[in-house]
Amino acid sequence: MKPLLYLLSFAFLIGLGFWAYEENYQTKQIVNEAEQMQSQIAQARARLGVLRAEWAYLNRPDRLRELAELNFDTLALLPITPDQFGRMDQIEYPVVSEPKVELNDPVDVSTLSMTEATE
Amino acid sequence: MSDTPLRIPLRPLARILEARAKGENPDAIERENLRLRHEEMRDRARVRAEGRILVLGAVFTLAFLTIGVKMWMVAESEPAEPRTSFAGAGIVAQRGDIVDRQGRVLATNLDTFALYAHPHQMVEPHRAASELAAIFPDLDEERLIKDFTGSRRFVWIRRKISPEQRQAVHDIGEPGLLFGPREMRLYPNGAIAAHVLGGAGYGEEGVAAAEIKGTAGVERAFDDYLTDPANGGRPLQLSLDLTVQAAAEEVLYGGMRLMNAKGATSILMDARTGEIISLVSLPDFDPNDRPNPPTEGHPDDSPLFNRAVQGVYELGSTLKIFAAAQALDLGIVGPETMVDIRGPIRWGRHTIKDFHWYGKELSVADIIIKSSNIGTARLAEGIGIPLQKQFLADLGLFEPTPVELSEAPSGAPLIQKQWSELTTMTVSFGHGMSISPLHLAAAYATIANDGKRVRPTLLRQSGPQDGPQVMSASAARQSQRLLRRVVTEGTASFANIDFYSISGKTGTADKPKPTGGYYKDKTISTFASMFPAHDPQYVLIVTLDEAVETSGDEPRRTAGWTAVPVAAEMITRIGPLLGLRPEIAPVPLADITLTSN
């Protein structure tokens with residue numbers, strides 16, 4: 001009985017060793033991945049910053065005004081004026097025609113209510 | 001207790017009797033028993049003390065062992081940065097962005113490089129110098145050769161270079177030319193809102209990094225906030241609206257050119273919250289390439305000078321409404337009370353005159369509508385010195401504006417130390433006291449806000465300010481109606497436009513000569529306005545410096561001909577941008593009061 005116990009615990013110890021080795025290397029792998037990811041995030045942030053700056057630069061009011069003037073023939077953009085405000089009821093919405101409903105078995109409601117009333 | 005050993009009596013009767021029979025001293029037996037008992041007690045105490053010492057010793061040994069092991073671990077292990085952390089992603093930029101009220105970028109950072117040289121590592125200093133001079137035309141080749149061949153071991157060449165320039169420098173192939181990473185401050189909108197943003201430069205500089213410091217404007221006022229890592233790169237949100245600001249600058253620039261003015265400023269303020277939505281000062285500059293402060297000439301003529309905040313001028317008749325509002329508030333007069341305006345008023349060697357002859361007496365309303373100096377002086381006389389000073393101080397006209405700009409403290413009002421009765425009268429129509437247009441905007445906003453004090457701010461606010469009541473709400477509303485009548489019947493008729501109802505007051509003041517006295521042909525013309533007139537939400541101040549309108553037979557310098565048309569055009573232009581529906585003020589009903597029978 002005793003030798004078997006020794007053998008089993010020894011095998012268990014070796015198994016633990018393998019497991020710890022495995023875990024150690026997996027952890028290192030994940031730490032490396034996380035580090036790479038963080039540097040990617042930093043790069044993406046830097047790129048995002050540059051893109052935001054470029055977006056703001058391309059949308060600066062001076063440039064938009066110049067572009068509107070250059071392309072006046074095609075776009076005809078002008079500054080918004082107060083008389084462009086309107087009211088909701090001034091909008092012409094397309095008239096939606098109601099679909100025709102065909103009644104197969106018309107029920108006479110008035111007689112129904114009469115019978116109810118007499119009861 | 002059950003486990004205590006049986007107590008042996010000190011004098012057991014059996015032994016005593018035995019001893020007595022033998023003729024021994026029975027006391028010896030008692031002493032013997034006492035000794036045995038003491039020895040037993042001593043042994044028990046020793047065992048207990050020994051156990052305690054053992055435990056104490058073990059605890060101390062363990063404690064010192066722990067400290068020793070930890071010290072050994074610290075001394076023996078390799079130093080390494082923690083590789084797994086969540087904090088690393090939080091640090092974004094060295095300096096936070098600045099955005100407008102709708103989140104559009106006004107200032108941001110861009111990665112770039114600085115160029116420096118190590119002359120001792122150079123292979124061909126002469127060729128490097130000539131190639132560098134070809135890439136950067138503003139560099140002096142002689143100077144570079146002197147730097148590269150002399151005894152210096154480190155030379156800064158450029159603070160900021162573009163990626164193309166960096167590639168060109170790489171192509172020289174000189175190992176002594178090196179690059180250091182830099183962040184640079186970028187203002188993508190160029191000169192728009194230049195005076196608010198100010199600008200930024202480099203503070204402490206090293207090869208690997210440089211500190212960005214604000215040089216003026218909000219950049220300097222919020223230097224600590226913008227560089228605080230605890231904010232995690234959160235942007236600073238201003239109350240400015242980029243679209244409105246750009247439109248206001250365009251209109252004001254056009255107006256300034258049309259009216260031949262040498263400078264102009266406009267302030268648009270939300271009357272409830274005190275938010276400054278647009279602040280323009282012309283001429284302006286590009287904060288990306290901020291010019292150096294002028295070394296000669298008048299500082300007012302520099303484009304860096306913020307006329308809206310730093311420019312303290314005598315703003316003339318625009319201040320008259322404060323005298324009228326206070327007189328109405330105190331109940332001295334009503335809007336239709338007649339005031340004697342026979343003049344001129346003589347005070348020592350000074351005389352107070354009117355621009356025209358308006359008759360013998362005018363109502364308070366007509367004094368404001370026709371802008372009578374004598375009438376306003378009479379109102380101020382009725383108010384008295386202490387009350388008038390208190391009222392002007394309550395409006396914030398005696399101290400620098402609390403706006404968040406580094407230039408604000410330098411815009412302190414100029415107030416006469418000796419406040420005589422003459423001062424009271426002249427100040428009531430805007431002479432003898434110099435304030436900035438921003439002071440005027442805040443004071444007009446107080447009237448527009450039904451008498452509650454408004455403090456100007458450049459930060460986005462979440463709700464209206466709840467300032468102290470400077471004047472009663474009814475006096476403020478009466479003043480608003482007077483200002484509306486200035487537009488419909490008085491000096492500001494050009495502001496009577498189709499789409500929006502404007503109320504306001506004009507002011508034309510002669511500029512003081514540096515040598516004393518006043519210029520006859522140089523004026524500051526101001527139009528202080530609020531709109532929509534029946535329920536003012538916005539306050540607009542337009543000031544033109546040395547404006548003159550030359551379409552008529554003779555040059556016209558009054559604000560009614562110069563500042564008012566510019567302001568009217570500006571309101572037509574920015575009203576829709578503010579989302580204001582065009583409307584005409586409801587016609588005020590005749591004075592019918594609701595009474596119950």
# chains A, B, ... in the order shown; residues from 1 in each chain; ligands from 1
>>> interface_residues(of="chain A", to="chain B", cutoff="10 Å", atoms="only C-alpha atoms", output="ChimeraX atom specification")
/A:30-32,34-35,38-39,41-42,45-47,49-63,65,79-87
>>> select_by_dssp(residues="region 336-534 of chain B", states="strand (DSSP E or B)", output="ChimeraX atom specification")
/B:338-340,345-347,350-352,361-363,414-415,433-435,452,457,459,469,503-512,518-531
>>> residues_around(residues="Val566 (chain B)", least_positions_apart="4", cutoff="9 Å", atoms="only C-alpha atoms", output="mmCIF file with N, CA and C atoms, in the first residue's frame")
data_model
loop_
_atom_site.group_PDB
_atom_site.id
_atom_site.type_symbol
_atom_site.label_atom_id
_atom_site.label_comp_id
_atom_site.auth_asym_id
_atom_site.auth_seq_id
_atom_site.Cartn_x
_atom_site.Cartn_y
_atom_site.Cartn_z
ATOM 1 N N VAL B 251 -18.511 89.139 -41.072
ATOM 2 C CA VAL B 251 -19.333 90.348 -41.152
ATOM 3 C C VAL B 251 -18.584 91.541 -40.581
ATOM 4 N N LEU B 252 -17.929 91.330 -39.431
ATOM 5 C CA LEU B 252 -17.244 92.450 -38.793
ATOM 6 C C LEU B 252 -16.077 92.934 -39.647
ATOM 7 N N GLY B 254 -15.884 92.759 -42.925
ATOM 8 C CA GLY B 254 -16.481 93.531 -44.014
ATOM 9 C C GLY B 254 -16.905 94.908 -43.540
ATOM 10 N N GLY B 255 -17.548 94.958 -42.364
ATOM 11 C CA GLY B 255 -17.999 96.235 -41.821
ATOM 12 C C GLY B 255 -16.845 97.163 -41.521
ATOM 13 N N MET B 256 -15.777 96.587 -41.003
ATOM 14 C CA MET B 256 -14.615 97.406 -40.658
ATOM 15 C C MET B 256 -14.017 98.038 -41.905
ATOM 16 N N MET B 259 -16.461 100.732 -43.319
ATOM 17 C CA MET B 259 -16.549 101.951 -42.517
ATOM 18 C C MET B 259 -15.166 102.557 -42.284
ATOM 19 N N ALA B 495 -31.027 99.640 -37.299
ATOM 20 C CA ALA B 495 -31.189 98.309 -36.714
ATOM 21 C C ALA B 495 -32.633 97.845 -36.760
ATOM 22 N N VAL B 542 -21.094 95.830 -30.687
ATOM 23 C CA VAL B 542 -20.206 96.058 -31.828
ATOM 24 C C VAL B 542 -19.527 97.394 -31.613
ATOM 25 N N THR B 562 -22.425 104.051 -38.424
ATOM 26 C CA THR B 562 -21.284 103.147 -38.601
ATOM 27 C C THR B 562 -21.506 101.801 -37.903
ATOM 28 N N MET B 570 -24.928 91.800 -38.858
ATOM 29 C CA MET B 570 -24.431 90.645 -38.105
ATOM 30 C C MET B 570 -25.587 89.843 -37.515
ATOM 31 N N ILE B 571 -26.594 90.551 -36.991
ATOM 32 C CA ILE B 571 -27.720 89.834 -36.381
ATOM 33 C C ILE B 571 -28.507 89.081 -37.457
#
>>> closest_residue(among="B:Ala412, B:Phe305, B:Trp156, B:Asp228", to="Gly198 (chain B)", atoms="only C-alpha atoms")
B:Phe305
>>> select_by_dssp(residues="region 3-96 of chain B", states="helix (DSSP H, G or I)", output="PyMOL selection string")
chain B and resi 13-22+26-76+87-89
